[in-house]
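**Student:** My structure is stored as data05.csv, with CSV, C-alpha atoms.
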chain,number,residue,atom,x,y,z
A,1,MET,CA,30.7,-13.8,1.0
A,2,ASN,CA,28.7,-11.9,3.6
A,3,ALA,CA,25.2,-10.4,3.6
A,4,ASP,CA,24.6,-6.9,4.8
A,5,SER,CA,23.6,-7.1,8.4
A,6,ALA,CA,23.1,-4.6,11.3
A,7,PRO,CA,23.0,-0.9,10.6
A,8,THR,CA,25.1,1.6,12.5
A,9,ALA,CA,25.5,5.4,12.7
A,10,ALA,CA,28.4,5.6,10.3
A,11,ALA,CA,28.3,8.3,7.6
A,12,GLU,CA,26.6,7.0,4.5
A,13,PRO,CA,28.2,7.7,1.1
A,14,ARG,CA,25.7,8.4,-1.6
A,15,ASP,CA,25.9,9.9,-5.1
A,16,ALA,CA,23.8,12.9,-6.3
A,17,ALA,CA,20.9,10.6,-7.1
A,18,GLY,CA,20.9,9.1,-3.6
A,19,ARG,CA,22.5,5.8,-4.7
A,20,PRO,CA,25.7,4.2,-3.3
A,21,PRO,CA,28.5,5.6,-5.5
A,22,VAL,CA,29.8,2.4,-7.0
A,23,ARG,CA,33.0,2.6,-9.1
A,24,ALA,CA,35.2,0.1,-10.9
A,25,ALA,CA,38.2,-1.1,-9.0
A,26,THR,CA,41.8,-0.5,-10.3
A,27,PRO,CA,45.1,-2.3,-9.5
A,28,ALA,CA,45.6,0.4,-6.8
A,29,ASP,CA,42.6,-1.2,-5.0
A,30,ALA,CA,44.1,-4.7,-4.8
A,31,GLU,CA,45.3,-4.4,-1.3
A,32,ALA,CA,42.0,-3.0,0.1
A,33,VAL,CA,40.1,-5.8,-1.7
A,34,THR,CA,42.5,-8.3,-0.3
A,35,ARG,CA,42.0,-6.9,3.2
A,36,MET,CA,38.2,-7.0,2.8
A,37,ARG,CA,38.5,-10.7,1.8
A,38,SER,CA,40.8,-11.4,4.8
A,39,ALA,CA,38.5,-9.6,7.3
A,40,TYR,CA,35.0,-10.5,6.2
A,41,VAL,CA,35.1,-13.6,3.9
A,42,LEU,CA,37.8,-16.0,5.1
A,43,SER,CA,37.4,-18.0,8.3
A,44,SER,CA,40.9,-17.1,9.4
A,45,PRO,CA,42.4,-13.6,8.6
A,46,PHE,CA,45.6,-13.4,6.5
A,47,THR,CA,49.0,-12.7,7.9
A,48,GLU,CA,50.7,-9.6,6.5
A,49,ASP,CA,52.8,-11.9,4.3
A,50,TRP,CA,49.7,-13.3,2.8
A,51,VAL,CA,48.2,-9.9,2.3
A,52,ARG,CA,51.2,-8.8,0.4
A,53,GLN,CA,51.3,-12.1,-1.7
A,54,CYS,CA,47.6,-11.8,-2.6
A,55,THR,CA,47.8,-8.1,-3.3
A,56,ASP,CA,50.7,-8.8,-5.7
A,57,GLU,CA,48.7,-11.5,-7.4
A,58,LEU,CA,45.5,-9.5,-7.7
A,59,ALA,CA,46.8,-6.1,-8.9
A,60,PRO,CA,47.8,-7.1,-12.4
A,61,ARG,CA,44.6,-9.1,-12.8
A,62,LEU,CA,42.6,-6.0,-12.2
A,63,THR,CA,43.8,-4.5,-15.5
A,64,PRO,CA,41.8,-4.7,-18.8
A,65,GLU,CA,44.1,-7.5,-19.9
A,66,GLY,CA,43.6,-9.4,-16.7
A,67,ASP,CA,40.8,-11.8,-15.6
A,68,ALA,CA,39.6,-10.0,-12.5
A,69,ARG,CA,36.9,-7.4,-12.3
A,70,ALA,CA,35.8,-5.6,-9.1
A,71,PHE,CA,33.4,-2.8,-8.1
A,72,VAL,CA,33.6,-0.9,-4.8
A,73,VAL,CA,32.0,1.7,-2.7
A,74,ASP,CA,34.4,4.1,-0.9
A,75,ALA,CA,33.9,5.1,2.7
A,76,PRO,CA,34.2,8.8,3.6
A,77,ASP,CA,37.5,8.2,5.4
A,78,GLY,CA,39.0,6.8,2.2
A,79,THR,CA,38.8,3.1,3.2
A,80,MET,CA,36.7,0.6,1.3
A,81,ALA,CA,33.1,0.3,2.5
A,82,ALA,CA,32.1,-2.6,0.2
A,83,CYS,CA,33.4,-4.6,-2.7
A,84,ALA,CA,32.5,-7.4,-5.1
A,85,LEU,CA,35.2,-9.3,-7.1
A,86,GLY,CA,34.7,-11.7,-10.0
A,87,LEU,CA,37.2,-13.9,-11.8
A,88,ILE,CA,36.6,-14.6,-15.5
A,89,HIS,CA,37.4,-18.0,-17.0
A,90,THR,CA,36.6,-20.0,-20.1
A,91,VAL,CA,34.4,-23.1,-20.2
A,92,LEU,CA,33.3,-25.4,-23.0
A,93,PRO,CA,30.4,-23.6,-24.8
A,94,ALA,CA,26.8,-24.8,-24.6
A,95,PRO,CA,23.5,-23.4,-25.9
A,96,ALA,CA,23.0,-21.6,-22.6
A,97,TYR,CA,26.5,-20.0,-22.7
A,98,PRO,CA,27.5,-20.1,-26.4
A,99,ARG,CA,30.6,-18.0,-25.9
A,100,GLY,CA,32.0,-20.2,-23.3
A,101,ARG,CA,32.8,-17.3,-20.9
A,102,ALA,CA,32.1,-17.8,-17.2
A,103,ALA,CA,32.8,-16.0,-14.0
A,104,ARG,CA,33.1,-17.0,-10.4
A,105,VAL,CA,32.0,-14.3,-7.9
A,106,GLN,CA,34.9,-14.6,-5.5
A,107,ILE,CA,34.2,-11.9,-2.9
A,108,VAL,CA,31.2,-9.8,-1.8
A,109,ALA,CA,32.0,-8.0,1.4
A,110,THR,CA,30.9,-4.9,3.4
A,111,GLN,CA,32.5,-3.3,6.4
A,112,PRO,CA,30.2,-3.9,9.5
A,113,GLU,CA,29.5,-0.2,10.0
A,114,PHE,CA,28.1,0.1,6.4
A,115,ARG,CA,25.9,-2.9,6.4
A,116,ARG,CA,22.1,-2.9,5.8
A,117,ARG,CA,22.5,0.0,3.4
A,118,GLY,CA,22.3,-1.9,0.1
A,119,TYR,CA,26.0,-1.7,-0.6
A,120,ALA,CA,26.5,-5.4,-1.2
A,121,ARG,CA,23.6,-5.4,-3.7
A,122,ALA,CA,25.0,-2.3,-5.4
A,123,VAL,CA,28.5,-3.6,-5.9
A,124,LEU,CA,27.3,-7.1,-6.9
A,125,SER,CA,24.8,-5.7,-9.4
A,126,ALA,CA,27.4,-3.5,-10.9
A,127,LEU,CA,29.8,-6.5,-11.2
A,128,LEU,CA,27.2,-8.8,-12.8
A,129,ASP,CA,26.0,-6.1,-15.2
A,130,HIS,CA,29.6,-5.4,-16.3
A,131,LEU,CA,30.5,-9.0,-16.7
A,132,ALA,CA,27.4,-9.8,-18.8
A,133,ASP,CA,27.1,-6.6,-20.9
A,134,VAL,CA,30.8,-5.8,-21.4
A,135,GLU,CA,32.7,-9.0,-20.9
A,136,ASP,CA,30.2,-11.4,-22.6
A,137,VAL,CA,30.0,-13.6,-19.6
A,138,THR,CA,26.9,-15.8,-19.6
A,139,LEU,CA,27.6,-18.4,-16.9
A,140,PHE,CA,28.0,-17.2,-13.3
A,141,GLU,CA,28.8,-19.3,-10.2
A,142,LEU,CA,29.4,-18.6,-6.6
A,143,HIS,CA,29.6,-20.1,-3.1
A,144,THR,CA,27.9,-18.3,-0.2
A,145,SER,CA,26.4,-18.8,3.2
A,146,PRO,CA,22.7,-19.8,3.8
A,147,GLU,CA,22.1,-16.3,5.3
A,148,ALA,CA,23.3,-14.5,2.2
A,149,ALA,CA,21.7,-16.9,-0.4
A,150,PRO,CA,18.4,-14.9,-0.6
A,151,LEU,CA,20.2,-11.9,-2.0
A,152,TYR,CA,21.7,-14.0,-4.8
A,153,ARG,CA,18.4,-15.7,-5.6
A,154,GLU,CA,16.8,-12.2,-6.0
A,155,LEU,CA,19.5,-11.4,-8.6
A,156,GLY,CA,18.8,-14.6,-10.5
A,157,PHE,CA,21.0,-17.3,-9.0
A,158,SER,CA,19.7,-20.7,-8.1
A,159,GLY,CA,21.0,-23.8,-6.4
A,160,ASN,CA,22.2,-24.3,-2.8
A,161,PRO,CA,24.7,-22.1,-1.1
A,162,ALA,CA,27.5,-24.6,-1.8
A,163,LEU,CA,27.1,-23.9,-5.5
A,164,MET,CA,24.8,-21.2,-6.9
A,165,ARG,CA,24.6,-20.6,-10.7
A,166,MET,CA,23.0,-18.2,-13.1
A,167,THR,CA,23.0,-17.9,-16.9
A,168,ARG,CA,22.5,-14.4,-18.2
A,169,HIS,CA,22.6,-13.0,-21.7
A,170,ARG,CA,23.5,-9.6,-22.9
A,171,GLN,CA,20.4,-7.6,-23.8
A,172,PRO,CA,20.0,-7.0,-27.6
A,173,ALA,CA,20.1,-3.3,-28.7
A,174,GLY,CA,16.7,-1.8,-28.2
A,175,ALA,CA,15.5,-4.5,-25.9
A,176,ALA,CA,13.4,-3.4,-22.9
A,177,PRO,CA,15.2,-3.5,-19.5
A,178,GLY,CA,14.6,-6.9,-17.9
A,179,ALA,CA,13.4,-8.5,-21.1
A,180,GLN,CA,14.1,-12.3,-21.4
A,181,PRO,CA,16.4,-13.7,-24.1
A,182,ASP,CA,14.8,-15.3,-27.1
A,183,SER,CA,15.3,-18.7,-25.7
A,184,THR,CA,15.5,-19.7,-22.0
A,185,TRP,CA,16.3,-23.4,-22.8
A,186,VAL,CA,19.2,-24.9,-20.9
A,187,PRO,CA,20.6,-28.5,-21.2
A,188,PRO,CA,18.9,-30.9,-18.8
A,189,GLN,CA,22.0,-31.6,-16.8
A,190,GLN,CA,22.7,-27.9,-16.3
A,191,TYR,CA,19.1,-27.4,-15.2
A,192,ALA,CA,19.3,-30.3,-12.8
A,193,ASP,CA,22.6,-29.1,-11.4
A,194,ALA,CA,21.1,-25.6,-10.7
A,195,LEU,CA,18.2,-27.1,-8.6
A,196,PRO,CA,18.5,-26.8,-4.8
A,197,ARG,CA,19.6,-30.0,-3.1
A,198,ALA,CA,17.5,-31.7,-0.4
A,199,ALA,CA,17.7,-34.9,1.6
A,200,ALA,CA,14.4,-36.7,1.9
A,201,TYR,CA,13.3,-38.6,5.0
A,202,VAL,CA,10.3,-40.6,6.1
A,203,CYS,CA,8.9,-41.2,9.6
A,204,LEU,CA,6.1,-43.4,11.0
A,205,TYR,CA,4.1,-42.1,13.9
A,206,VAL,CA,3.0,-45.0,16.1
A,207,THR,CA,1.1,-45.0,19.4
A,208,ASP,CA,-0.3,-47.5,21.8
A,209,GLU,CA,-4.0,-48.0,22.1
A,210,ASP,CA,-4.2,-45.1,24.6
A,211,ASP,CA,-2.7,-42.8,21.9
A,212,ARG,CA,0.6,-42.5,23.8
A,213,PRO,CA,3.5,-42.0,21.3
A,214,LEU,CA,6.0,-44.8,20.8
A,215,LEU,CA,9.6,-43.6,20.1
A,216,LEU,CA,12.9,-45.4,19.7
A,217,HIS,CA,16.1,-44.5,21.7
A,218,SER,CA,19.0,-43.8,19.4
A,219,VAL,CA,22.5,-45.3,20.0
A,220,TYR,CA,24.2,-42.9,17.6
A,221,SER,CA,22.5,-39.5,17.9
A,222,PRO,CA,22.9,-37.9,21.4
A,223,GLY,CA,21.6,-34.6,20.1
A,224,HIS,CA,18.3,-36.3,19.1
A,225,PRO,CA,18.0,-39.2,21.5
A,226,TRP,CA,14.4,-40.3,20.7
A,227,HIS,CA,13.2,-41.0,17.2
A,228,MET,CA,10.1,-41.9,15.4
A,229,ILE,CA,10.5,-45.0,13.3
A,230,GLY,CA,12.0,-44.0,9.9
A,231,GLY,CA,15.1,-42.7,8.1
A,232,ALA,CA,16.5,-41.4,4.8
A,233,MET,CA,14.9,-42.4,1.5
A,234,ASP,CA,17.1,-44.3,-0.9
A,235,LEU,CA,17.7,-42.9,-4.4
A,236,GLY,CA,14.7,-43.6,-6.6
A,237,GLU,CA,12.6,-45.0,-3.7
A,238,ARG,CA,9.0,-44.0,-3.2
A,239,PRO,CA,8.1,-42.5,0.2
A,240,TRP,CA,5.8,-45.2,1.4
A,241,ASP,CA,8.1,-47.9,0.2
A,242,ALA,CA,10.8,-46.3,2.3
A,243,VAL,CA,8.5,-46.3,5.3
A,244,VAL,CA,7.8,-50.1,4.9
A,245,ARG,CA,11.6,-50.8,4.5
A,246,GLU,CA,12.6,-48.6,7.5
A,247,CYS,CA,9.9,-50.1,9.7
A,248,ARG,CA,11.0,-53.6,8.9
A,249,GLU,CA,14.7,-52.8,9.4
A,250,GLU,CA,14.2,-50.9,12.7
A,251,THR,CA,11.4,-52.9,14.4
A,252,GLY,CA,10.8,-56.1,12.5
A,253,MET,CA,7.2,-54.9,12.0
A,254,THR,CA,5.4,-54.5,8.6
A,255,ALA,CA,3.8,-51.1,8.2
A,256,ALA,CA,0.2,-51.5,7.2
A,257,GLY,CA,-1.3,-49.1,4.6
A,258,PRO,CA,-3.0,-47.4,3.1
A,259,PRO,CA,-0.5,-44.4,3.5
A,260,ARG,CA,-1.9,-41.5,5.5
A,261,LEU,CA,0.3,-38.4,5.6
A,262,LEU,CA,0.3,-36.6,8.9
A,263,ALA,CA,3.0,-33.9,8.4
A,264,THR,CA,5.5,-32.4,6.1
A,265,VAL,CA,8.6,-31.0,7.9
A,266,PHE,CA,11.1,-28.8,6.1
A,267,GLY,CA,14.6,-27.9,7.4
A,268,GLN,CA,16.8,-25.1,6.1
A,269,PRO,CA,20.4,-25.7,5.1
A,270,ARG,CA,22.9,-25.1,7.9
A,271,ALA,CA,26.7,-24.6,8.0
A,272,GLN,CA,27.5,-28.2,8.5
A,273,ARG,CA,24.8,-29.4,6.1
A,274,PRO,CA,24.6,-27.3,2.9
A,275,TYR,CA,21.3,-28.7,1.8
A,276,SER,CA,17.6,-28.7,2.9
A,277,THR,CA,15.8,-31.6,4.5
A,278,LEU,CA,12.3,-32.7,3.8
A,279,GLN,CA,10.5,-35.2,6.1
A,280,LEU,CA,7.2,-36.9,5.3
A,281,ILE,CA,5.6,-38.3,8.5
A,282,PHE,CA,2.9,-41.0,8.1
A,283,ASP,CA,0.4,-42.5,10.5
A,284,GLY,CA,1.5,-45.9,11.7
A,285,GLY,CA,-1.6,-46.6,13.7
A,286,ARG,CA,-2.1,-48.0,17.2
A,287,LEU,CA,-0.3,-51.0,18.5
A,288,THR,CA,-1.4,-53.4,21.2
A,289,ASP,CA,0.8,-54.1,24.2
A,290,ALA,CA,1.6,-57.5,22.7
A,291,GLN,CA,2.7,-55.9,19.4
A,292,ILE,CA,4.9,-53.4,21.2
A,293,ARG,CA,6.6,-56.2,23.3
A,294,GLY,CA,7.1,-58.1,20.0
A,295,LEU,CA,9.2,-55.3,18.3
A,296,THR,CA,12.7,-56.4,17.4
A,297,LEU,CA,15.0,-53.5,17.4
A,298,ASN,CA,18.2,-53.2,15.3
A,299,PRO,CA,20.9,-52.9,18.0
A,300,ARG,CA,23.1,-50.8,15.6
A,301,GLU,CA,20.4,-48.1,15.6
A,302,HIS,CA,18.2,-48.3,18.7
A,303,ASP,CA,18.4,-49.9,22.1
A,304,GLU,CA,14.9,-49.2,23.6
A,305,ALA,CA,11.3,-48.7,22.5
A,306,ARG,CA,9.3,-46.6,25.0
A,307,VAL,CA,5.7,-45.5,25.3
A,308,LEU,CA,4.9,-42.3,27.3
A,309,PRO,CA,2.1,-39.8,27.4
A,310,LEU,CA,2.8,-36.9,25.0
A,311,ALA,CA,3.6,-34.3,27.8
A,312,GLU,CA,6.2,-36.6,29.3
A,313,TRP,CA,8.3,-36.7,26.1
A,314,GLU,CA,9.0,-32.9,26.4
A,315,ALA,CA,11.7,-33.3,29.0
A,316,LEU,CA,13.5,-36.1,27.0
A,317,MET,CA,14.2,-34.3,23.7
A,318,PRO,CA,15.2,-31.0,22.2
A,319,ALA,CA,12.5,-28.4,22.1
A,320,ARG,CA,12.2,-28.5,18.2
A,321,ASP,CA,11.8,-32.3,18.3
A,322,PHE,CA,8.9,-32.0,20.8
A,323,VAL,CA,7.3,-29.2,18.7
A,324,ARG,CA,7.3,-31.6,15.8
A,325,LEU,CA,6.0,-34.5,17.9
A,326,ARG,CA,3.2,-32.4,19.3
A,327,ALA,CA,2.2,-31.2,15.8
A,328,VAL,CA,2.1,-34.7,14.5
A,329,GLU,CA,-0.1,-35.8,17.4
A,330,GLU,CA,-2.5,-32.9,16.7
A,331,ALA,CA,-2.6,-33.7,13.0
A,332,ARG,CA,-3.7,-37.3,13.8
A,333,ARG,CA,-6.3,-36.1,16.4
A,334,THR,CA,-7.8,-33.3,14.2
A,335,GLY,CA,-7.4,-34.9,10.7
A,336,VAL,CA,-5.6,-31.8,9.5
A,337,ALA,CA,-2.1,-32.4,8.2
A,338,ALA,CA,0.7,-30.4,9.8
A,339,TYR,CA,3.2,-28.2,7.9
A,340,ILE,CA,6.5,-27.3,9.7
A,341,ASP,CA,9.2,-25.2,8.1
A,342,THR,CA,11.2,-24.1,11.1
A,343,TRP,CA,12.4,-27.5,12.4
A,344,GLY,CA,15.9,-27.2,11.1
A,345,ASN,CA,16.5,-23.6,12.2
A,346,ALA,CA,17.5,-24.4,15.8
Please render this file's structure as structure tokens.

**Tutor:**
Amino acid sequence: MNADSAPTAAAEPRDAAGRPPVRAATPADAEAVTRMRSAYVLSSPFTEDWVRQCTDELAPRLTPEGDARAFVVDAPDGTMAACALGLIHTVLPAPAYPRGRAARVQIVATQPEFRRRGYARAVLSALLDHLADVEDVTLFELHTSPEAAPLYRELGFSGNPALMRMTRHRQPAGAAPGAQPDSTWVPPQQYADALPRAAAYVCLYVTDEDDRPLLLHSVYSPGHPWHMIGGAMDLGERPWDAVVRECREETGMTAAGPPRLLATVFGQPRAQRPYSTLQLIFDGGRLTDAQIRGLTLNPREHDEARVLPLAEWEALMPARDFVRLRAVEEARRTGVAAYIDTWGNA
């Protein structure tokens, strides 16, 4: 599913009220919806044989007796400017979806020349409204990209782009628009499944007695060759306990408390990693030359421990890694904890 992106000078269809003229799709729209999916949703476009096969599959499902519902905006030239397609299915009922009717949003697509005009939001909103208010669907699911996820969150979905969910109940007669249902309780597992996923990491910032950062050279990560001491937290592990464990495993050294947090670093989901990352970076203090010489590295992870002035590290690592290192150094120097939320964007 794509988000609306760059605007162009294409003619802009609008109804008398100035809104995108959304209409319900019919079986006659099956081929156009299939071609929108092929061109703007799939990683590889369909062959003509597949277009025909999917068109033949979709057309009877776009009838009142079928399980597919779609809403579209027509372009002035008669092609399809935007569309949203949902597939209805049944699930075992639960308090949050007592009728056991669910829908997967299969396609939301807009032709490039009609993007940034609100068409994706218009067709998707029409689809969700119809499914909830007419078809009694209460559980909605979809898969999307990190770039498009904010639109779905605005419309009520939660979770990470790999699986976003929403429960929505038909408004009782006479209820004010946007009013909440009588109960918003959902089963604990469903609530947990809807929460965004994140991987948690801990790091230990260590320097020598001249405040020169000490980093470890990785044997497995050429893209990030120099690391602070640290790694991923185990399930159920407390952050500082993870620091102590990682420090012992990677250097043979015991981290001395009390814990002092220097920085929190957040990374957005990316295409190859459909979850966020959260790093907690603690102050590991200053080591003497003898302590540094006494470090015992795990050869499966690191093959060198090096101490350099801060400025000299810049040439040895990606720009975002150096930005993080510099922010951590400043946090220790000033006593003001750093917050970084763009580290995973590069």

**Student:** When you count all atoms listed in the file, which of these residues is closest to Pro213 in chain A: A:Ala132, A:Ala70, A:Leu92, A:Ala311?

**Tutor:** A:Ala311

**Student:** Restricting the calculation to all atoms listed in the file, which member of A:Ala120, A:Ala25, A:Leu261, A:Met164 is positioned closest to Val336 in chain A?

**Tutor:**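 Ranking A:Ala120, A:Ala25, A:Leu261, A:Met164 by distance to Val336 in chain A, first place goes to A:Leu261.
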
**Student:** Give me the residues within 6 Å of range 300-307 of chain A as a list of chain:residue names, counting all atoms listed in the file and dropping any in the same chain fewer than 5 places off.

**Tutor:** A:Pro213, A:Leu214, A:Leu215, A:Leu216, A:His217, A:Ser218, A:Val219

**Student:** List every protein, DNA or RNA residue that has at least one atom no more than 8 Å from (13.2, -35.1, 21.7) in the file's coordinates, counting only C-alpha atoms, and write the result as a tab-separated table (two decimals) with C-alpha atoms, in the coordinates of the input.

**Tutor:**
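Okay, this is what ended up in part.tsv:
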chain	number	residue	atom	x	y	z
A	224	HIS	CA	18.30	-36.30	19.10
A	225	PRO	CA	18.00	-39.20	21.50
A	226	TRP	CA	14.40	-40.30	20.70
A	227	HIS	CA	13.20	-41.00	17.20
A	313	TRP	CA	8.30	-36.70	26.10
A	314	GLU	CA	9.00	-32.90	26.40
A	315	ALA	CA	11.70	-33.30	29.00
A	316	LEU	CA	13.50	-36.10	27.00
A	317	MET	CA	14.20	-34.30	23.70
A	318	PRO	CA	15.20	-31.00	22.20
A	319	ALA	CA	12.50	-28.40	22.10
A	320	ARG	CA	12.20	-28.50	18.20
A	321	ASP	CA	11.80	-32.30	18.30
A	322	PHE	CA	8.90	-32.00	20.80

**Student:** For Gln53 in chain A, which residue out of A:Arg333, A:Arg35, A:Arg286, A:Arg270 is the nearest one, using all atoms listed in the file?

**Tutor:** A:Arg35

**Student:** For Ala327 in chain A, which of A:Asp289, A:Arg37, A:Val265, A:Leu295 is the closest residue, counting all atoms listed in the file?

**Tutor:**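 Smallest distance to Ala327 in chain A is found for A:Val265.
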
**Student:** Choose the residue, out of A:His89, A:Cys83, A:Phe114, A:Ile340, that has the smallest atom-to-atom separation from Gly66 in chain A; count only C-alpha atoms.

**Tutor:** A:His89

**Student:** Which residues, written as a list in words, have at least one atom at most 10 Å from Val72 in chain A, with only C-alpha atoms counted and residues fewer than 5 positions away on the same chain left out?

**Tutor:**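 Listed by chain and then number, they are Pro20, Pro21, Val22, Arg23, Ala24, Ala25, Thr26, Asp29, Ala32, Val33, Met80, Ala81, Ala82, Cys83, Ala84, Leu85, Val108, Ala109, Thr110, Tyr119, Ala120, Ala122, Val123, Leu124, Ala126 and Leu127 of chain A.
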
**Student:** Using all atoms listed in the file, can you tell me which of A:Asp341, A:Glu249, A:Asp211, A:Glu154 comes closest to Glu329 in chain A?

**Tutor:**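 Ranking A:Asp341, A:Glu249, A:Asp211, A:Glu154 by distance to Glu329 in chain A, first place goes to A:Asp211.
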
**Student:** Figure out the distance between CA of Gly236 in chain A and CA of His143 in chain A, please, to one decimal in Å.

**Tutor:**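 Calculated distance between CA of His143 in chain A and CA of Gly236 in chain A is 28.0 Å.
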
**Student:** In Å, rounded to a single decimal, give me how far CA of Ser276 in chain A is from CA of Arg104 in chain A.

**Tutor:**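 Going from CA of Arg104 in chain A over to CA of Ser276 in chain A, I get 23.5 Å.
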
**Student:** CA of Arg19 in chain A and CA of Asp77 in chain A are how many Å apart?

**Tutor:** 18.2 Å

**Student:** What's the 9 Å shell around Pro239 in chain A, counting only C-alpha atoms, without same-chain residues fewer than 2 positions away, as a PDB file with C-alpha atoms, in the coordinates of the input?

**Tutor:**
ATOM      1  CA  ALA A 200      14.400 -36.700   1.900  1.00  0.00           C
ATOM      2  CA  TYR A 201      13.300 -38.600   5.000  1.00  0.00           C
ATOM      3  CA  VAL A 202      10.300 -40.600   6.100  1.00  0.00           C
ATOM      4  CA  MET A 233      14.900 -42.400   1.500  1.00  0.00           C
ATOM      5  CA  GLU A 237      12.600 -45.000  -3.700  1.00  0.00           C
ATOM      6  CA  ASP A 241       8.100 -47.900   0.200  1.00  0.00           C
ATOM      7  CA  ALA A 242      10.800 -46.300   2.300  1.00  0.00           C
ATOM      8  CA  VAL A 243       8.500 -46.300   5.300  1.00  0.00           C
ATOM      9  CA  VAL A 244       7.800 -50.100   4.900  1.00  0.00           C
ATOM     10  CA  LEU A 280       7.200 -36.900   5.300  1.00  0.00           C
TER      11      LEU A 280
END

**Student:** Would you list the residues near (9.6, -32.1, 2.5) (no more than 6 Å away, in the coordinates of the file, using only C-alpha atoms) as a list in words?

**Tutor:**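 It turns out the residues near that spot are Thr264, Val265, Phe266, Leu278 and Gln279 of chain A.
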
**Student:** Those selected residues, please, written with C-alpha atoms and delivered as a PDB file, in the frame of the given file.

**Tutor:**
ATOM      1  CA  THR A 264       5.500 -32.400   6.100  1.00  0.00           C
ATOM      2  CA  VAL A 265       8.600 -31.000   7.900  1.00  0.00           C
ATOM      3  CA  PHE A 266      11.100 -28.800   6.100  1.00  0.00           C
ATOM      4  CA  LEU A 278      12.300 -32.700   3.800  1.00  0.00           C
ATOM      5  CA  GLN A 279      10.500 -35.200   6.100  1.00  0.00           C
TER       6      GLN A 279
END

**Student:** Near Arg99 in chain A, counting only C-alpha atoms, which residues have an atom at most 10 Å away, once you skip same-chain residues fewer than 6 positions from it, shown as an NGL selection string?

**Tutor:** :A and (90-93 or 136-139)
